Amino acid sequence: MQIQLKLGGELKRYGSNGLQEFEAEGALTVAAVLDRLGIGTDVDQVLVIVNDEIVPPGEHAGFELKDQDRLAVMPQLKGG
Amino acid sequence: MGWQKRILSIDLSRGTAESEPLNMAWADQYIGQRGLGSKYLYENMDPAADAMSPDNVLIFATGPLTATAASTSARYSVITKGALTNTIACSNSGGRFGAELKNAGYDLMMIKGRAQEPVYIHIEDDRVEILPAGEIWGTTVWQTEEWIHKRHQDPQIRIASIGRAGECGVRYACVMNDTDRAAGRTGVGAVMGSKHLKAISVRGKVGTTVAEPMKFLEVVRQTNEKLAESDGRKGMSHNGTQAMMESMNTFGGLPTRNFQDVQFVGADRIDADAMWQRGEDGHRNMIQNAACFGCTIACQRVSHVNPNHWTVRDRPEYQKAGGGLEYETAFAFGPMVGVDDIDALTFAGFLTNEHGMDPMSFGGTLAAAMELYEMGVITQADTDGVDLKFGSAEALCTMVEKTGKYEGFGQILGLGAKRLCEKYGHPEIAMHVKGQEFAGYDSRALQGMGLGYATGNRGACHMKHDSFGPDTKDQSGNGKAKPIRNSQDSIAVVDSSGLCIFPMGVGWRFDDYRELLNAACGRDWSKDDLRAIGERIWNLERRFNELAGFTGADDTLPRRLLETPAPSGTAKGKVCELDLMLKEYYELRGWNEDGSIPDSLLQRLEI
């Protein structure tokens, strides 16, 4: 399975150039991706969007990604 | 302690300046800065007075934490009746000016009347002079600062001033300080210009003290540590507020071409990464970050335009480092008008700083004019021959300069979007609340933001509430009223403290502000005490607006946000569910169904 991963803002340091292909064998949840990237410690500080749909922190563990999904992980919006 | 317990009262009509004791009963009820300034305004003018008349009062207010050792202690507010909105106006700025005013021994400066001829106010502690400014009337903010520094031979004087835009009554003119910091919103600069007041220069040597120094320093140490360790703070130092460009575009809440779209194809050419990226010729937009007085975040951008770019190639005076793009400026000069040329955006930002204009309102107004132009309502006969189409960097830069200098079609753009669209018979094209243009967040994607905009006491404003957490968890209107009400009250306290709101998102909580305030002021305010103060401030502002003629009918949004679904992004197909949120919000506030404040509430809050 392959997903398109986009990391935004300061989260780019968790992956090369912020935009990458992410490959995995078998089922993969949002929480598992965040964990593999090393982002998983404070999920309230990130905003997860899959194919233009928000995945709230409470659903990260149960949200299974599908092949060719577009996953964006951005810093939580703060304004300014 | 914390407070200087002294205010400066200036009457420009009479040419008098007097020091008076601070009303400490009001200080306990309203703290300082936004809250206390609003109380002084409320008690010293008729809210129904014309904003541009001598009857309007202009207040510069610091907070008890301004100029202290606390991080972000640079803040001061300009409070008046806004020229853009006719609502109460409270516009907040950083830099160095506010701390200097506090260090000169004043919590607040209240300016009444109108001078016969242009003047500036010069303050050196107890010595306050009202001096002629005829020589600098008509000059830019940057020229004014240079002239005053030379005149008084003191580079440490801090200056707040207006440019030509403020002198000529551009409705969204700013009060600028320290070259590129701005009390930017609601047209406070136009009010200053209407008083024939060009500048205020301050040199303060009195200093600032706190009630419990050792306790205060310990809280400062702890709160500084939180900021130092916070990932959010590190991101803010590196990218500034510009980090929002990429996030909002991905999210689908980035107002584009006057809110006709919510995502912008060129966003990656003007975002934080683009600012840091070196071009093929080796030029990089971003030079470094910078900080306001006492700040340990340093979100400010210092940038320069590529010297080979058409905007500055023949204008060496702009080939220098200056205040760079922050998110709201980048949004207003970028997606909102469809431009993705980072050098043009940076140059336009320099011009708004130089002439003293709010880039957000300018961008919102230009976007409305561009839409009217594309509809055929405005033609090149109106625009001095400029092809005012969306996406034109040339149109953007030309019109910023024309508006700043109050020339040609720039005079029409200086009206703001509401008045401009009314003039051309299409009020529905103006994207505003209570006359003020929006920030860079679309309320079809961020529902709570829509409620915050609609109920904003100074019109469409993103800085007086915080809804990002709830808005990104659920994109319906359900459950948004309570976090908006609570954050409006909390932020009213932060805005009254003398500190910046930014630490709140990157490591601090409300309690950190509370502990700093208690140690500085020698008080024992609980969270509930402070939230009650916030509620009082919010309702006082609302009451001022009621007396100025505003009603619940003004708590609304443009039809485009209420009826036209978002075309893409996470909120594709959604509109803002304002009616649902507003009903619940009024109930939580204890207001009447029509949005008016009941007398019983005014009595309970001692307003």
# chains A, B, ... in the order shown; residues from 1 in each chain; ligands from 1
$ select_by_dssp --residues "segment 111-206 of chain B" --states "alpha helix (DSSP H)" --output "ChimeraX atom specification"
/B:141-152,164-168,188-194
$ residues_around --residues "segment 138-155 of chain B" --least-positions-apart "5" --cutoff "9 Å" --atoms "only C-alpha atoms" --output "list of chain:residue names"
B:Ala160, B:Ser161, B:Ile162, B:Gly163, B:Arg164, B:Ala165, B:Glu167, B:Met176, B:Asn177, B:Asp178, B:Thr179, B:Asp180, B:Lys198, B:Ala199, B:Ser201, B:Arg203, B:Asn353, B:Glu354, B:His355, B:Gly356, B:Lys405
$ closest_atom_pairs --of "chain A" --to "chain B" --cutoff "8 Å" --atoms "only C-alpha atoms" --output "CSV"
residue,atom,partner,partner_atom,distance
A:Gly8,CA,B:Ser247,CA,6.8
A:Gly9,CA,B:Ala243,CA,5.7
A:Glu10,CA,B:Gly235,CA,5.4
A:Leu47,CA,B:Thr472,CA,7.4
A:Ile49,CA,B:Phe251,CA,7.5
A:Asp52,CA,B:Thr570,CA,4.6
A:Glu53,CA,B:Thr570,CA,5.1
A:Ile54,CA,B:Thr570,CA,6.6
A:Val55,CA,B:Lys473,CA,7.7
A:Pro56,CA,B:Lys473,CA,5.2
A:Pro57,CA,B:Lys473,CA,7.8
A:Ala72,CA,B:Thr250,CA,7.7
A:Met74,CA,B:Ser247,CA,6.1
A:Pro75,CA,B:Ser247,CA,7.3
A:Gln76,CA,B:Gly469,CA,7.8
A:Leu77,CA,B:Phe468,CA,5.9
A:Lys78,CA,B:Gly505,CA,6.1
A:Gly79,CA,B:Met244,CA,7.0
A:Gly80,CA,B:Thr241,CA,5.6
$ residues_around --residues "Glu64 of chain A" --least-positions-apart "5" --cutoff "7 Å" --atoms "only C-alpha atoms" --output "list in words"
Ala27, Leu28, Thr29 and Val30 of chain A
$ atom_distance --atom1 "atom CA of Val78 of chain B" --atom2 "atom CA of Ile533 of chain B"
19.6 Å
$ atom_distance --atom1 "atom CA of Leu420 of chain B" --atom2 "atom CA of Met52 of chain B"
18.3 Å
$ closest_atom_pairs --of "segment 221-281 of chain B" --to "segment 363-383 of chain B" --cutoff "12 Å" --atoms "only C-alpha atoms" --output "Markdown table"
| residue | atom | partner | partner_atom | distance |
| --- | --- | --- | --- | --- |
| B:Pro255 | CA | B:Gly364 | CA | 10.0 |
| B:Thr256 | CA | B:Ala367 | CA | 9.0 |
| B:Arg257 | CA | B:Ala367 | CA | 6.3 |
| B:Asn258 | CA | B:Ala367 | CA | 5.2 |
| B:Phe259 | CA | B:Ala367 | CA | 9.0 |
| B:Gln260 | CA | B:Glu371 | CA | 9.5 |
$ write_last_selection --atoms "N, CA and C atoms" --output "mmCIF file, in the first residue's frame"
data_model
loop_
_atom_site.group_PDB
_atom_site.id
_atom_site.type_symbol
_atom_site.label_atom_id
_atom_site.label_comp_id
_atom_site.auth_asym_id
_atom_site.auth_seq_id
_atom_site.Cartn_x
_atom_site.Cartn_y
_atom_site.Cartn_z
ATOM 1 N N PRO B 255 -8.983 32.301 2.262
ATOM 2 C CA PRO B 255 -9.820 33.137 1.386
ATOM 3 C C PRO B 255 -9.053 33.561 0.134
ATOM 4 N N THR B 256 -9.634 33.265 -1.003
ATOM 5 C CA THR B 256 -8.950 33.476 -2.276
ATOM 6 C C THR B 256 -9.877 34.230 -3.229
ATOM 7 N N ARG B 257 -9.314 35.234 -3.904
ATOM 8 C CA ARG B 257 -10.075 36.066 -4.850
ATOM 9 C C ARG B 257 -11.410 36.498 -4.246
ATOM 10 N N ASN B 258 -11.294 37.239 -3.154
ATOM 11 C CA ASN B 258 -12.469 37.802 -2.471
ATOM 12 C C ASN B 258 -13.455 36.714 -2.023
ATOM 13 N N PHE B 259 -12.909 35.632 -1.483
ATOM 14 C CA PHE B 259 -13.711 34.535 -0.916
ATOM 15 C C PHE B 259 -14.495 33.760 -1.978
ATOM 16 N N GLN B 260 -14.090 33.886 -3.243
ATOM 17 C CA GLN B 260 -14.746 33.060 -4.265
ATOM 18 C C GLN B 260 -14.203 31.638 -4.208
#
$ residues_around --residues "Ser496 of chain B" --least-positions-apart "6" --cutoff "6 Å" --atoms "only C-alpha atoms" --output "PyMOL selection string"
chain B and resi 31-35+63
$ write_last_selection --atoms "C-alpha atoms" --output "short mmCIF file (atom, residue, chain, number, x, y, z; two decimals), in the first residue's frame"
data_model
loop_
_atom_site.label_atom_id
_atom_site.label_comp_id
_atom_site.auth_asym_id
_atom_site.auth_seq_id
_atom_site.Cartn_x
_atom_site.Cartn_y
_atom_site.Cartn_z
CA ILE B 31 -6.70 45.79 34.62
CA GLY B 32 -5.05 47.95 31.93
CA GLN B 33 -4.45 48.40 28.19
CA ARG B 34 -7.57 47.25 26.27
CA GLY B 35 -9.91 46.98 29.28
CA GLY B 63 -0.87 47.21 30.74
#
$ residues_around --residues "segment 511-523 of chain B" --least-positions-apart "2" --cutoff "9 Å" --atoms "only C-alpha atoms" --output "PyMOL selection string"
chain B and resi 1-3+64-65+68+70+209-217+219-220+223+493-494+497+499+504+508-509+525-527+530
$ residues_around --residues "Gly552 of chain B" --least-positions-apart "6" --cutoff "12 Å" --atoms "only C-alpha atoms" --output "MDAnalysis selection string"
chainID B and resid 434 454:457 542:543 545:546 579 582:583 585:586 591:597
$ residues_around --residues "Asn306 of chain B" --least-positions-apart "5" --cutoff "9 Å" --atoms "only C-alpha atoms" --output "number ranges by chain"
B: 283-285, 311-313, 319, 343
$ write_last_selection --atoms "N, CA and C atoms" --output "compact mmCIF listing (two decimals), in the first residue's frame"
# COMPACT_ATOMS: atom_id res chain seq x y z
N HIS B 283 19.36 35.02 -4.31
CA HIS B 283 18.60 35.88 -3.40
C HIS B 283 17.63 35.07 -2.56
N ARG B 284 17.53 35.47 -1.30
CA ARG B 284 16.54 34.86 -0.41
C ARG B 284 15.73 35.97 0.22
N ASN B 285 14.43 35.84 0.25
CA ASN B 285 13.54 36.89 0.77
C ASN B 285 13.80 37.14 2.26
N THR B 311 9.78 45.85 -9.11
CA THR B 311 9.24 46.82 -8.15
C THR B 311 10.31 47.77 -7.61
N VAL B 312 11.52 47.27 -7.43
CA VAL B 312 12.56 48.09 -6.76
C VAL B 312 13.79 48.34 -7.61
N ARG B 313 13.81 47.76 -8.83
CA ARG B 313 15.03 47.85 -9.65
C ARG B 313 15.51 49.30 -9.78
N GLN B 319 15.58 49.02 -1.62
CA GLN B 319 16.48 47.87 -1.66
C GLN B 319 17.16 47.73 -0.30
N ASP B 343 8.08 38.81 -4.16
CA ASP B 343 8.74 40.11 -4.11
C ASP B 343 7.72 41.25 -4.20
$ select_by_dssp --residues "segment 57-220 of chain B" --states "strand (DSSP E)" --output "count of residues only"
51
$ atom_distance --atom1 "atom CA of Cys295 of chain B" --atom2 "atom CA of Ser73 of chain B"
6.7 Å
